[in-house]
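> The structure follows.
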Amino acid sequence: MYGYGFGFFDPTFFLVILGLVISGAASAYVNSTFRKYDEVRSRNGLTGTRAAQYILQNQGINDVGVQQIAGDLTDNYNSGNKMLSLSEATAQSTSVAAIGVAAHECGHAVQDAKGYAPLRIRHAIVPVANFGSTIAFPIILIGVFMSWNSTLINIGIAAFSLALVFQLVTLPVEFDASRRALAILRDGNMLEPDELQAARKVLTAAAMTYVAAALATFLQLLRLILLFGGNRNRN
């Protein structure tokens with residue numbers, strides 16, 4: 001049988017565990033932070049939906065709709081159909097957390113309207129990154145079963161690396177959307193200074209999930225390189 005050079009023990013598996021721990025910690029942090037500030041009602045009394053509608057109008061964006069969707073923290077902006085979707089926890093809530101999240105998604109709509117380059121790049125590489133992630137492991141396994149065919153293994157690893165490229169491009173997009181959101185909330189006097197700080201904490205916590213995803217993907221890529229990159233000549 002084909003081994004990894006470590007018998008039945010794979011010491012690189014700790015990279016997978018580390019990635020899961022990082023992602024889990026980031027997810028727990030954003031959820032706890034959102035729950036904390038979801039208990040803080042904004043003084044303006046706006047719901048997430050009304051805040052989003054106001055921001056879009058204020059920014060002169062008239063071709064984007066706002067809808068409520070099922071789920072918890074499933075908020076997103078779709079540039080394809082010009083739809084800003086807010087989760088149940090955001091749409092009808094008047095908390096500073098909900099307003100912050102709604103403003104963040106509006107930040108993506110503003111990016112789209114202004115032709116923000118990283119957002120366009122991210123949209124362009126989505127299908128390529130998805131395809132690369134899908135074919136990466138089958139190609140690597142075929143290469144392994146073909147007597148560690150280095151060409152196929154390299155192609156598989158390169159295909160998976162596209163997922164990391166996507167994650168890295170996502171980082172500036174998300175951080176910029178939060179920056180725009182906080183500026184809009186501040187300049188529009190939609191939140192008081194103390195409320196704005198609370199919204200900043202929520203958005204910072206959310207941003208950490210994207211950092212964690214990039215780190216987890218990097219660790220997976222590193223594991224593939226360690227497992228297959230140094231063993232491609234084994235039979």
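Order determines the names: the first chain of the structure tokens is A, the second B, and so forth; residues in each chain are numbered 1 upward, and ligands are numbered 1 upward as they are shown.
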Quick one: which range 87-106 of chain A residues come within 8 Å of range 61-77 of chain A, and what is the nearest atom pair for each with the distance in Å to one decimal, counting only C-alpha atoms, rows ordered by chain and ascending number, as a tab-separated table?

```
residue	atom	partner	partner_atom	distance
A:Ser87	CA	A:Ile69	CA	5.0
A:Glu88	CA	A:Ala70	CA	5.9
A:Ala89	CA	A:Asp72	CA	5.9
A:Thr90	CA	A:Leu73	CA	7.4
A:Ala91	CA	A:Gln68	CA	6.0
A:Val101	CA	A:Asp75	CA	7.7
A:Ala102	CA	A:Asp75	CA	7.7
A:Glu105	CA	A:Tyr77	CA	5.8
A:Cys106	CA	A:Tyr77	CA	7.6
```
> Would you list the contacts of range 27-42 of chain A as a PyMOL selection string, taking every protein, DNA or RNA residue within 9 Å and counting only C-alpha atoms, but skipping same-chain residues closer than 6 positions in sequence?
chain A and resi 73+89-90+93-99+190-192+195+198-199+201-209+212
> Write out as a PyMOL selection string each polymer residue whose atoms come within 8 Å of Ile55 in chain A, counting only C-alpha atoms; drop sequence neighbours fewer than 4 positions from it.
chain A and resi 51+59+103+106+184
> Write to file, as a short mmCIF file (atom, residue, chain, number, x, y, z; two decimals), in the first residue's frame, the residues of the selection just made, with N, CA, C and O atoms.

```cif
data_model
loop_
_atom_site.label_atom_id
_atom_site.label_comp_id
_atom_site.auth_asym_id
_atom_site.auth_seq_id
_atom_site.Cartn_x
_atom_site.Cartn_y
_atom_site.Cartn_z
N ALA A 51 -32.25 50.19 9.05
CA ALA A 51 -30.91 50.78 8.98
C ALA A 51 -30.29 50.54 7.61
O ALA A 51 -29.71 51.46 7.01
N GLN A 59 -26.59 56.51 0.53
CA GLN A 59 -25.43 56.35 -0.34
C GLN A 59 -25.79 56.44 -1.82
O GLN A 59 -24.95 56.25 -2.69
N ALA A 103 -25.08 47.24 8.49
CA ALA A 103 -24.24 48.27 7.87
C ALA A 103 -23.06 47.63 7.15
O ALA A 103 -22.64 48.11 6.08
N CYS A 106 -24.19 46.48 3.89
CA CYS A 106 -24.33 47.67 3.04
C CYS A 106 -22.97 48.12 2.53
O CYS A 106 -22.85 48.66 1.42
N ILE A 184 -19.97 55.17 7.88
CA ILE A 184 -21.34 55.58 7.55
C ILE A 184 -22.17 55.76 8.82
O ILE A 184 -22.92 56.73 8.97
#
```
> Taking the backbone alone, and naming residues the way the document does, which bits of range 10-229 of chain A are alpha helix (DSSP H) by DSSP, as a PyMOL selection string?
chain A and resi 13-38+48-58+88-91+96-113+117-145+150-187+193-224
> Which residues, written as a list in words, have at least one atom at most 12 Å from Ala117 in chain A, with only C-alpha atoms counted and residues fewer than 6 positions away on the same chain left out?
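Here the answer would be His108, Gln111, His123, Ala124, Val169, Thr170, Pro172, Val173 and Asp176 of chain A.
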> Please, which residues of range 12-232 of chain A, numbered as in this document, come out strand (DSSP E or B) from DSSP, as a ChimeraX atom specification?
/A:41,65-69,76-78,83-87,95
> To one decimal in Å, tell me the separation between CA of Ala159 in chain A and CA of Leu224 in chain A.
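That distance, rounded to one decimal, is 11.4 Å.
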